[in-house]
Amino acid sequence: AGAFEIRVAADDAERALIWKGRKSAFAAVGRISPAYLVQDGVIPRTSLPQVLAGIDRLSADSGVRVANVFHAGDGNLHPLVLFDDAEEGAAERAEEVSGKILDLCIEHGGSITGEHGVGVDKSRYMPRMFTDTDLDTMQMVRCGFDPAGLCNPGKVFPTPRLCGEVPGFRKGVHPLVEQGKAEQF
């Protein structure tokens, strides 16, 4: 697909050098940009050319540079969205491009996270991938294991949402219980 070089490690020493290069990529990007957002999405490997082309278009259209770092053998992408945090509005433009990269992942049958989870940064993107019913069901499972809302309150699920919300607990009957589709224990 247009690669200008394919290198397969001949031995363990060469494999270690290749990994050293990959693991140094984030620090190296710090030399060309004062700040960057690290994204984490996953796609089917067969969609890699289309998604990388889409990221390139997003970058060109927005004027926001993106450095693609990934281990594509398992579909994990880690685009680094570059910006200068001293420039007014640059962080917001970078965040917008970052969200559009997640949209590309979803459009191509992937997910908003490959291996690093949702956490606080990506919780607002959950509704792009899951329905309200999906999110309510996930939250019910979470509440089943953590009814007091002690484990990472305010993380993963967009808030406000069901029991364990920050602050306080859900008031009233859960919508799925009300519809007769679930039991509350």
# chains A, B, ... in the order shown; residues from 1 in each chain; ligands from 1

call {"tool": "select_by_dssp", "arguments": {"residues": "chain A", "states": "alpha helix (DSSP H)", "output": "ChimeraX atom specification"}}
result
/A:12-23,25-29,48-62,90-107,126-129,132-145,175-178

call {"tool": "residues_around", "arguments": {"residues": "region 105-119 of chain A", "least_positions_apart": "3", "cutoff": "8 Å", "atoms": "only C-alpha atoms", "output": "JSON, numbers by chain"}}
result
{"A": [40, 41, 42, 43, 44, 47, 51, 75, 76, 77, 101, 102, 122, 123, 125, 126, 129, 155, 156]}

call {"tool": "write_last_selection", "arguments": {"atoms": "N, CA, C and O atoms", "output": "tab-separated table (two decimals), in the first residue's frame"}}
result
chain	number	residue	atom	x	y	z
A	40	ASP	N	-6.37	7.55	21.66
A	40	ASP	CA	-6.30	6.10	21.73
A	40	ASP	C	-7.59	5.55	21.15
A	40	ASP	O	-8.63	5.61	21.78
A	41	GLY	N	-7.53	5.07	19.93
A	41	GLY	CA	-8.68	4.45	19.31
A	41	GLY	C	-8.26	3.12	18.74
A	41	GLY	O	-7.07	2.82	18.63
A	42	VAL	N	-9.22	2.32	18.38
A	42	VAL	CA	-8.91	1.03	17.76
A	42	VAL	C	-9.80	0.87	16.54
A	42	VAL	O	-10.94	1.36	16.52
A	43	ILE	N	-9.24	0.25	15.53
A	43	ILE	CA	-9.97	0.01	14.28
A	43	ILE	C	-9.65	-1.40	13.78
A	43	ILE	O	-8.63	-1.98	14.18
A	44	PRO	N	-10.48	-1.94	12.90
A	44	PRO	CA	-10.08	-3.19	12.25
A	44	PRO	C	-8.82	-2.90	11.41
A	44	PRO	O	-8.71	-1.86	10.78
A	47	SER	N	-8.97	-1.49	7.95
A	47	SER	CA	-9.37	-0.09	7.75
A	47	SER	C	-8.23	0.89	7.93
A	47	SER	O	-8.42	2.10	7.80
A	51	VAL	N	-8.46	5.03	7.47
A	51	VAL	CA	-8.47	5.86	8.67
A	51	VAL	C	-7.26	6.79	8.67
A	51	VAL	O	-7.40	7.99	8.99
A	75	GLY	N	-4.47	-3.08	15.58
A	75	GLY	CA	-5.49	-2.07	15.31
A	75	GLY	C	-5.46	-0.86	16.22
A	75	GLY	O	-6.31	0.02	16.10
A	76	ASN	N	-4.51	-0.79	17.14
A	76	ASN	CA	-4.46	0.34	18.06
A	76	ASN	C	-3.76	1.55	17.45
A	76	ASN	O	-2.63	1.45	16.98
A	77	LEU	N	-4.46	2.67	17.46
A	77	LEU	CA	-3.92	3.93	16.96
A	77	LEU	C	-3.68	4.86	18.14
A	77	LEU	O	-4.48	4.90	19.08
A	101	ILE	N	-11.17	12.29	15.16
A	101	ILE	CA	-10.42	11.05	14.97
A	101	ILE	C	-11.18	9.88	15.59
A	101	ILE	O	-11.27	8.80	15.00
A	102	LEU	N	-11.75	10.09	16.77
A	102	LEU	CA	-12.56	9.03	17.39
A	102	LEU	C	-13.77	8.71	16.53
A	102	LEU	O	-14.14	7.55	16.38
A	122	LYS	N	-12.51	10.83	27.81
A	122	LYS	CA	-13.35	10.37	26.70
A	122	LYS	C	-14.78	10.05	27.09
A	122	LYS	O	-15.55	9.61	26.25
A	123	SER	N	-15.16	10.30	28.31
A	123	SER	CA	-16.52	9.94	28.72
A	123	SER	C	-17.56	10.67	27.88
A	123	SER	O	-18.62	10.12	27.58
A	125	TYR	N	-17.51	11.14	24.84
A	125	TYR	CA	-17.63	10.49	23.53
A	125	TYR	C	-18.41	9.19	23.59
A	125	TYR	O	-18.74	8.62	22.56
A	126	MET	N	-18.70	8.70	24.78
A	126	MET	CA	-19.45	7.44	24.92
A	126	MET	C	-20.78	7.47	24.16
A	126	MET	O	-21.11	6.50	23.49
A	129	MET	N	-20.93	6.34	20.56
A	129	MET	CA	-20.75	4.93	20.26
A	129	MET	C	-21.86	4.05	20.84
A	129	MET	O	-22.13	2.98	20.31
A	155	LYS	N	-16.17	8.89	36.72
A	155	LYS	CA	-15.36	8.47	35.58
A	155	LYS	C	-16.12	7.47	34.73
A	155	LYS	O	-17.06	6.84	35.17
A	156	VAL	N	-15.69	7.30	33.53
A	156	VAL	CA	-16.17	6.39	32.50
A	156	VAL	C	-17.50	6.84	31.90
A	156	VAL	O	-17.56	7.10	30.72

call {"tool": "residues_around", "arguments": {"residues": "Val69 (chain A)", "least_positions_apart": "3", "cutoff": "10 Å", "atoms": "only C-alpha atoms", "output": "MDAnalysis selection string"}}
result
chainID A and resid 22:23 25:26 29 38:40 66 72 76:80

call {"tool": "atom_distance", "arguments": {"atom1": "CA of Gly144 (chain A)", "atom2": "CA of Ala182 (chain A)"}}
result
12.2 Å

call {"tool": "atom_distance", "arguments": {"atom1": "CA of Leu58 (chain A)", "atom2": "CA of Phe83 (chain A)"}}
result
14.2 Å
